[in-house]
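Below is the file query_36.txt, which contains compact mmCIF, C-alpha atoms.
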```
# COMPACT_ATOMS: atom_id res chain seq x y z
CA MET S 1 84.03 125.32 73.42
CA PRO S 2 80.69 127.08 74.01
CA TYR S 3 78.79 125.89 77.09
CA THR S 4 75.05 126.03 77.73
CA ASN S 5 74.74 124.34 81.15
CA ILE S 6 77.85 125.65 82.86
CA THR S 7 79.81 128.89 82.93
CA VAL S 8 83.59 128.99 82.86
CA GLN S 9 85.51 132.00 84.15
CA ILE S 10 89.28 132.45 84.07
CA ASP S 11 90.74 135.07 86.43
CA GLY S 12 94.52 134.93 86.41
CA PRO S 13 95.68 131.51 87.62
CA VAL S 14 92.23 130.55 88.95
CA ALA S 15 89.49 128.95 86.84
CA SER S 16 85.87 128.78 87.98
CA LEU S 17 83.51 126.04 86.83
CA ILE S 18 79.97 127.20 87.62
CA PHE S 19 76.92 124.94 87.32
CA ASN S 20 74.41 127.16 85.53
CA ARG S 21 70.94 125.59 85.56
CA PRO S 22 69.53 127.60 88.47
CA ASN S 23 65.90 126.99 87.46
CA VAL S 24 66.37 123.30 88.40
CA LEU S 25 68.80 123.88 91.28
CA ASN S 26 71.70 123.04 88.94
CA ALA S 27 70.64 119.42 88.61
CA PHE S 28 73.06 117.38 86.51
CA ASN S 29 71.74 116.12 83.18
CA ASN S 30 73.99 114.34 80.70
CA GLU S 31 74.75 117.53 78.80
CA THR S 32 75.91 119.26 81.99
CA MET S 33 78.15 116.33 82.87
CA ASN S 34 79.72 116.31 79.40
CA GLU S 35 80.38 120.04 79.60
CA CYS S 36 81.96 119.74 83.05
CA ARG S 37 84.32 117.02 81.88
CA ALA S 38 85.29 119.06 78.82
CA ALA S 39 85.97 122.11 81.00
CA LEU S 40 88.11 120.09 83.41
CA ARG S 41 90.13 118.72 80.48
CA SER S 42 90.69 122.25 79.20
CA PHE S 43 91.90 123.35 82.64
CA ALA S 44 94.29 120.40 82.78
CA ASP S 45 95.77 121.41 79.42
CA ASP S 46 96.25 125.08 80.34
CA ASP S 47 99.54 125.63 82.14
CA ALA S 48 98.42 129.09 83.27
CA ILE S 49 95.59 127.63 85.38
CA ARG S 50 96.82 126.56 88.81
CA ALA S 51 93.57 125.94 90.76
CA VAL S 52 89.87 125.39 90.05
CA LEU S 53 86.85 126.70 91.96
CA VAL S 54 83.64 124.67 91.55
CA ARG S 55 80.35 126.31 92.49
CA GLY S 56 76.71 126.70 91.54
CA GLU S 57 74.67 129.63 90.25
CA GLY S 58 71.50 130.73 92.04
CA ARG S 59 70.08 129.15 95.19
CA ALA S 60 72.15 125.97 95.29
CA PHE S 61 75.44 124.27 94.57
CA SER S 62 73.38 121.45 93.04
CA ALA S 63 70.47 119.18 93.88
CA GLY S 64 72.27 116.23 92.29
CA PHE S 65 71.36 114.18 89.24
CA ASP S 66 68.39 115.46 87.23
CA MET S 67 65.41 113.29 88.19
CA LYS S 68 63.25 114.59 85.34
CA ALA S 69 65.89 113.61 82.80
CA ALA S 70 66.26 110.25 84.55
CA ALA S 71 62.52 109.58 84.24
CA GLU S 72 62.71 110.14 80.47
CA ARG S 73 65.76 107.92 79.98
CA ASP S 74 65.53 104.31 78.80
CA MET S 75 66.71 102.22 81.75
CA SER S 76 64.89 99.05 80.74
CA THR S 77 67.92 96.77 80.72
CA VAL S 78 70.91 96.19 82.95
CA ASP S 79 73.17 97.37 80.12
CA HIS S 80 71.29 100.68 79.93
CA VAL S 81 71.60 101.10 83.69
CA ARG S 82 75.30 100.27 83.66
CA ARG S 83 76.14 102.69 80.84
CA GLN S 84 74.37 105.59 82.56
CA MET S 85 75.82 104.87 85.97
CA GLU S 86 79.35 104.51 84.61
CA PHE S 87 78.85 107.83 82.83
CA GLN S 88 77.81 109.46 86.13
CA PHE S 89 80.69 107.79 87.98
CA ASP S 90 83.25 109.06 85.47
CA PHE S 91 81.79 112.57 85.78
CA ILE S 92 82.20 112.57 89.57
CA MET S 93 85.70 111.13 89.47
CA ALA S 94 86.82 113.73 86.90
CA PHE S 95 87.01 116.20 89.81
CA TRP S 96 89.19 113.78 91.80
CA ASP S 97 91.38 113.05 88.77
CA CYS S 98 91.82 116.67 87.65
CA PRO S 99 95.56 117.42 87.95
CA LYS S 100 94.76 120.95 89.12
CA PRO S 101 93.51 121.26 92.73
CA THR S 102 89.72 121.55 92.87
CA ILE S 103 87.92 123.56 95.56
CA ALA S 104 84.15 123.09 95.93
CA LEU S 105 82.30 126.17 97.17
CA VAL S 106 78.92 124.83 98.26
CA HIS S 107 75.79 126.70 99.29
CA GLY S 108 72.07 126.11 99.48
CA PHE S 109 71.64 122.45 98.60
CA CYS S 110 74.42 119.90 98.06
CA MET S 111 72.61 116.63 97.47
CA ALA S 112 73.21 113.10 96.19
CA GLY S 113 75.43 113.23 93.09
CA ALA S 114 76.40 116.82 93.90
CA PHE S 115 77.43 115.72 97.38
CA GLU S 116 79.67 113.14 95.75
CA VAL S 117 81.16 115.83 93.50
CA ALA S 118 81.95 117.92 96.59
CA LEU S 119 83.63 114.88 98.17
CA ALA S 120 85.62 114.26 94.98
CA CYS S 121 87.00 117.80 95.05
CA ASP S 122 90.24 118.26 96.98
CA ILE S 123 88.85 120.91 99.36
CA THR S 124 85.25 121.79 100.24
CA ILE S 125 84.14 125.08 101.74
CA ALA S 126 80.50 125.52 102.76
CA ALA S 127 78.34 128.55 103.29
CA GLU S 128 76.37 128.72 106.52
CA GLY S 129 72.89 127.33 105.86
CA THR S 130 74.03 124.72 103.34
CA ARG S 131 72.06 121.49 103.48
CA PHE S 132 73.77 118.19 102.68
CA GLY S 133 72.28 114.77 102.01
CA GLU S 134 72.42 111.40 100.29
CA PRO S 135 68.71 110.44 100.18
CA GLU S 136 69.04 107.59 97.66
CA VAL S 137 67.86 104.77 99.97
CA ARG S 138 64.59 106.64 100.51
CA PHE S 139 63.40 106.02 96.97
CA GLY S 140 65.07 102.74 96.09
CA THR S 141 68.32 103.74 94.42
CA GLY S 142 71.96 103.84 95.54
CA ILE S 143 75.24 105.73 95.66
CA VAL S 144 77.11 106.21 92.38
CA ALA S 145 80.55 106.99 93.83
CA MET S 146 80.91 105.57 97.35
CA LEU S 147 83.42 108.21 98.47
CA LEU S 148 81.93 109.01 101.87
CA PRO S 149 83.53 106.07 103.77
CA TRP S 150 86.91 107.33 102.55
CA ALA S 151 86.24 110.83 103.90
CA VAL S 152 84.73 110.18 107.35
CA LEU S 153 84.62 107.55 110.06
CA PRO S 154 82.52 104.50 109.13
CA LYS S 155 79.78 105.11 111.71
CA HIS S 156 79.20 108.63 110.37
CA ALA S 157 79.08 107.28 106.80
CA LYS S 158 76.68 104.49 107.69
CA GLU S 159 74.34 106.79 109.60
CA MET S 160 74.13 109.21 106.69
CA LEU S 161 73.79 106.65 103.90
CA LEU S 162 71.52 104.12 105.64
CA THR S 163 68.99 106.71 106.88
CA GLY S 164 69.09 108.82 103.71
CA ASN S 165 68.78 111.94 105.85
CA ASP S 166 69.12 115.00 103.61
CA LYS S 167 69.08 117.69 106.29
CA MET S 168 72.68 117.66 107.50
CA ASP S 169 73.75 121.25 108.15
CA ALA S 170 77.14 122.80 107.44
CA ALA S 171 78.22 122.74 111.08
CA ARG S 172 77.65 118.98 111.32
CA ALA S 173 79.35 118.42 107.96
CA HIS S 174 82.36 120.33 109.25
CA ALA S 175 82.40 118.44 112.55
CA ILE S 176 82.65 115.03 110.85
CA GLY S 177 85.15 116.13 108.21
CA ILE S 178 83.02 116.51 105.07
CA VAL S 179 83.92 120.19 104.69
CA ASN S 180 87.10 122.10 105.54
CA HIS S 181 85.58 125.45 106.50
CA VAL S 182 82.16 127.03 107.05
CA MET S 183 81.79 130.67 106.04
CA PRO S 184 79.06 133.35 106.01
CA PRO S 185 77.45 133.22 102.54
CA ASP S 186 78.86 136.55 101.39
CA GLU S 187 82.39 135.42 102.29
CA LEU S 188 82.25 132.03 100.55
CA ILE S 189 83.60 133.03 97.13
CA PRO S 190 86.21 135.54 98.39
CA PHE S 191 87.53 133.00 100.92
CA GLY S 192 87.66 130.29 98.26
CA ARG S 193 89.48 132.57 95.84
CA ARG S 194 92.08 133.49 98.46
CA MET S 195 92.72 129.80 99.08
CA ALA S 196 92.98 129.16 95.34
CA LEU S 197 95.47 132.01 94.98
CA ASP S 198 97.54 130.57 97.83
CA ILE S 199 97.66 127.26 95.96
CA ALA S 200 98.51 129.10 92.73
CA ALA S 201 101.37 130.94 94.46
CA ALA S 202 103.02 127.70 95.52
CA ALA S 203 105.53 125.87 93.31
CA GLY S 204 103.54 124.34 90.45
CA PRO S 205 105.36 121.00 90.21
CA SER S 206 105.19 120.59 93.99
CA VAL S 207 101.41 121.09 94.01
CA PHE S 208 100.94 118.79 91.01
CA PHE S 209 102.99 115.91 92.39
CA THR S 210 101.72 116.34 95.95
CA LYS S 211 98.13 115.97 94.80
CA ARG S 212 99.13 112.98 92.68
CA ALA S 213 100.94 111.38 95.63
CA MET S 214 97.97 111.84 97.98
CA ASN S 215 95.54 110.43 95.41
CA ARG S 216 97.84 107.49 94.79
CA THR S 217 98.00 106.81 98.53
CA TYR S 218 94.23 106.29 98.62
CA GLU S 219 94.28 104.25 95.44
CA ILE S 220 97.06 101.99 96.73
CA MET S 221 94.84 101.37 99.77
CA GLY S 222 92.22 100.13 97.30
CA MET S 223 89.94 103.13 96.94
CA ARG S 224 89.51 102.95 93.16
CA ASP S 225 88.81 99.21 93.21
CA ALA S 226 86.38 99.66 96.10
CA LEU S 227 84.53 102.43 94.26
CA ARG S 228 84.25 100.26 91.16
CA ALA S 229 82.99 97.33 93.23
CA SER S 230 80.39 99.58 94.86
CA LEU S 231 79.35 100.81 91.41
CA ASP S 232 78.82 97.21 90.28
CA ILE S 233 76.55 96.66 93.27
CA ASP S 234 74.73 99.91 92.56
CA VAL S 235 74.04 98.82 88.98
CA ILE S 236 72.38 95.68 90.32
CA LEU S 237 70.44 97.75 92.86
CA ASN S 238 69.17 100.18 90.23
CA ALA S 239 68.14 97.32 87.95
CA THR S 240 66.25 95.59 90.80
CA PRO S 241 62.62 96.62 91.35
CA SER S 242 61.37 97.60 94.80
CA ALA S 243 58.01 98.75 96.13
CA GLU S 244 59.47 102.14 97.08
CA LYS S 245 61.03 102.71 93.68
CA THR S 246 57.83 101.70 91.89
CA GLU S 247 55.62 103.96 93.99
CA PHE S 248 58.01 106.89 93.69
CA GLY S 249 58.04 106.46 89.91
CA ARG S 250 54.25 106.19 89.73
CA ILE S 251 53.68 109.37 91.72
CA ARG S 252 56.34 111.22 89.73
CA LYS S 253 54.67 110.20 86.46
CA GLU S 254 51.11 110.97 87.56
CA GLN S 255 51.57 113.95 89.88
CA GLY S 256 55.04 115.31 89.20
CA LEU S 257 58.41 115.28 90.92
CA LYS S 258 57.39 117.60 93.74
CA ALA S 259 54.60 115.23 94.82
CA ALA S 260 56.93 112.23 94.58
CA LEU S 261 59.51 113.93 96.79
CA ALA S 262 56.78 114.85 99.30
CA TRP S 263 55.66 111.21 99.43
CA ARG S 264 59.25 110.06 99.88
CA ASP S 265 59.96 112.47 102.72
CA SER S 266 56.64 112.04 104.57
CA ARG S 267 57.64 108.54 105.68
CA PHE S 268 60.65 109.57 107.78
CA SER S 269 60.99 110.96 111.27
CA ASP S 270 63.12 113.96 110.26
CA ASN S 271 60.07 115.26 108.40
CA LYS S 272 57.66 114.62 111.27
CA GLY S 273 59.31 116.68 113.96
CA GLY S 274 60.61 113.71 115.93
```
Could you rewrite the structure in this file as structure tokens?
Amino acid sequence: MPYTNITVQIDGPVASLIFNRPNVLNAFNNETMNECRAALRSFADDDAIRAVLVRGEGRAFSAGFDMKAAAERDMSTVDHVRRQMEFQFDFIMAFWDCPKPTIALVHGFCMAGAFEVALACDITIAAEGTRFGEPEVRFGTGIVAMLLPWAVLPKHAKEMLLTGNDKMDAARAHAIGIVNHVMPPDELIPFGRRMALDIAAAAGPSVFFTKRAMNRTYEIMGMRDALRASLDIDVILNATPSAEKTEFGRIRKEQGLKAALAWRDSRFSDNKGG
């Protein structure tokens, strides 16, 4: 199918899914999410594809869900909120569920929903200088796919999610287990491709069933049920008004997203030099 928000490249046994909205830091709108899921389904159906690289065009992997699109969306009822959040959840988990191994190559910004996509991928490789964050609590919303507690120790997860700090660097992300490797920017794609080719060179059924077995291990421990329970809570959170959410929305409407983000960030110590 033709894509307008992503680019798909096939090079031998390796497919690349590239977020291609660089003018908005590859923010995910609904069209982008639909295209990504369609591309992942096509990879799953193609026996020649053995591994998938996931990356972003331009200055960032992705800034997360598109806030401008969100502001224009009807979220006036709990049902509207639930439908949109389930749609976003299914998009993130499509990377986890893809039967072909997925390798996220992140650079620039990897924020919020994009951070969750990187966690959902099987392997994550970061360029030096990448900035990670889950800033949702800072403007009154919550986490769509609560994958972080399954990837790192609980104290690391709680620090990141409860402060909403969005300035974690690649070295720290590597130290706590969010990323597998940190590379110089010009080596990110070549390194990722070499890893993908190593996966592709292995026995196909072994790779397929090993990924399935590992995923099933987490799901037997309750991961899928826990994620769904967290999503239910997040729907309630996003349907519940708060002073921070109201003020953020007012500033975004009257002065634009940049001003709203500046207001959000000005209230926290990591933006005050102490």
Q) Within 10 Å of Ala69 in chain S, counting all atoms listed in the file, which residues qualify if same-chain residues fewer than 2 places away don't, as an NGL selection string? A) :S and (27-30 or 65-67 or 71-73)
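For the atom pair formed by CA of Met195 in chain S and CA of Met183 in chain S, the distance is 13.0 Å, given to one decimal.
When all atoms listed in the file are used to compute distances to Gly192 in chain S, the closest of the residues S:Thr32, S:Thr240, S:Ser266, S:Asn180 turns out to be S:Asn180.
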Q: Compile the contact shell of Asn215 in chain S as number ranges by chain: residues with an atom at most 10 Å away, counting all atoms listed in the file, same-chain residues fewer than 5 positions apart removed.
A: S: 96-97, 122, 209-210, 220, 223-224
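We find CA of Tyr218 in chain S and CA of Leu148 in chain S to be spaced 13.0 Å apart.
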**Q.** Length of the CA of Ser62 in chain S to CA of Met168 in chain S vector [Å]
**A.**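 That distance, rounded to one decimal, is 15.0 Å.
With only C-alpha atoms as the atoms that count, the minimum distance from Ala114 in chain S to the choices S:Ala145, S:Ala51, S:Leu227, S:Ile6 is reached by S:Ala145.
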Give as a PDB file with C-alpha atoms, keeping the file's coordinate frame the set of residues within 10 Å of the point (69.2, 117.4, 106.5), where distances use the file's coordinates and only C-alpha atoms.
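Below is the file result31.pdb, written as the result:
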```pdb
ATOM      1  CA  PHE S 109      71.640 122.450  98.600  1.00  0.00           C
ATOM      2  CA  MET S 111      72.610 116.630  97.470  1.00  0.00           C
ATOM      3  CA  THR S 130      74.030 124.720 103.340  1.00  0.00           C
ATOM      4  CA  ARG S 131      72.060 121.490 103.480  1.00  0.00           C
ATOM      5  CA  PHE S 132      73.770 118.190 102.680  1.00  0.00           C
ATOM      6  CA  GLY S 133      72.280 114.770 102.010  1.00  0.00           C
ATOM      7  CA  GLU S 134      72.420 111.400 100.290  1.00  0.00           C
ATOM      8  CA  PRO S 135      68.710 110.440 100.180  1.00  0.00           C
ATOM      9  CA  MET S 160      74.130 109.210 106.690  1.00  0.00           C
ATOM     10  CA  GLY S 164      69.090 108.820 103.710  1.00  0.00           C
ATOM     11  CA  ASN S 165      68.780 111.940 105.850  1.00  0.00           C
ATOM     12  CA  ASP S 166      69.120 115.000 103.610  1.00  0.00           C
ATOM     13  CA  LYS S 167      69.080 117.690 106.290  1.00  0.00           C
ATOM     14  CA  MET S 168      72.680 117.660 107.500  1.00  0.00           C
ATOM     15  CA  ASP S 169      73.750 121.250 108.150  1.00  0.00           C
ATOM     16  CA  ALA S 170      77.140 122.800 107.440  1.00  0.00           C
ATOM     17  CA  ARG S 172      77.650 118.980 111.320  1.00  0.00           C
ATOM     18  CA  ASP S 270      63.120 113.960 110.260  1.00  0.00           C
ATOM     19  CA  ASN S 271      60.070 115.260 108.400  1.00  0.00           C
TER      20      ASN S 271
END
```
**Q.** Near-Leu25 in chain S list (9 Å; all atoms listed in the file; drop same-chain fewer than 2 positions) as JSON, numbers by chain
**A.** {"S": [20, 21, 22, 23, 27, 56, 57, 58, 59, 60, 61, 62, 63, 64, 109]}
Q: Find the residues near Ala151 in chain S: any atom within 7 Å, counting all atoms listed in the file, skip ones fewer than 4 places away on the same chain, and give them as JSON, numbers by chain.
A: {"S": [147, 177, 178]}
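Using all atoms listed in the file, the nearest neighbour of His107 in chain S within the list S:Gly222, S:Pro184, S:Pro149, S:Pro13 is S:Pro184.
When the distance limit is 9 Å and all atoms listed in the file are what count, the residues near Phe89 in chain S, minus those fewer than 2 positions from it on the same chain, are S:Gln84, S:Met85, S:Glu86, S:Phe87, S:Phe91, S:Ile92, S:Met93, S:Ala94, S:Val144, S:Ala145, S:Arg228, S:Leu231.
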**Q.** Nearest to Phe191 in chain S, chosen from S:Arg41, S:Glu219, S:Ile10, S:Ile125, with all atoms listed in the file counted in the distances
**A.**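 Result for the nearest residue to Phe191 in chain S: S:Ile125.
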Q | Distance criterion (only C-alpha atoms): nearest to Arg264 in chain S out of S:Arg138, S:Gly108, S:Ser206, S:Ser230 | A | S:Arg138
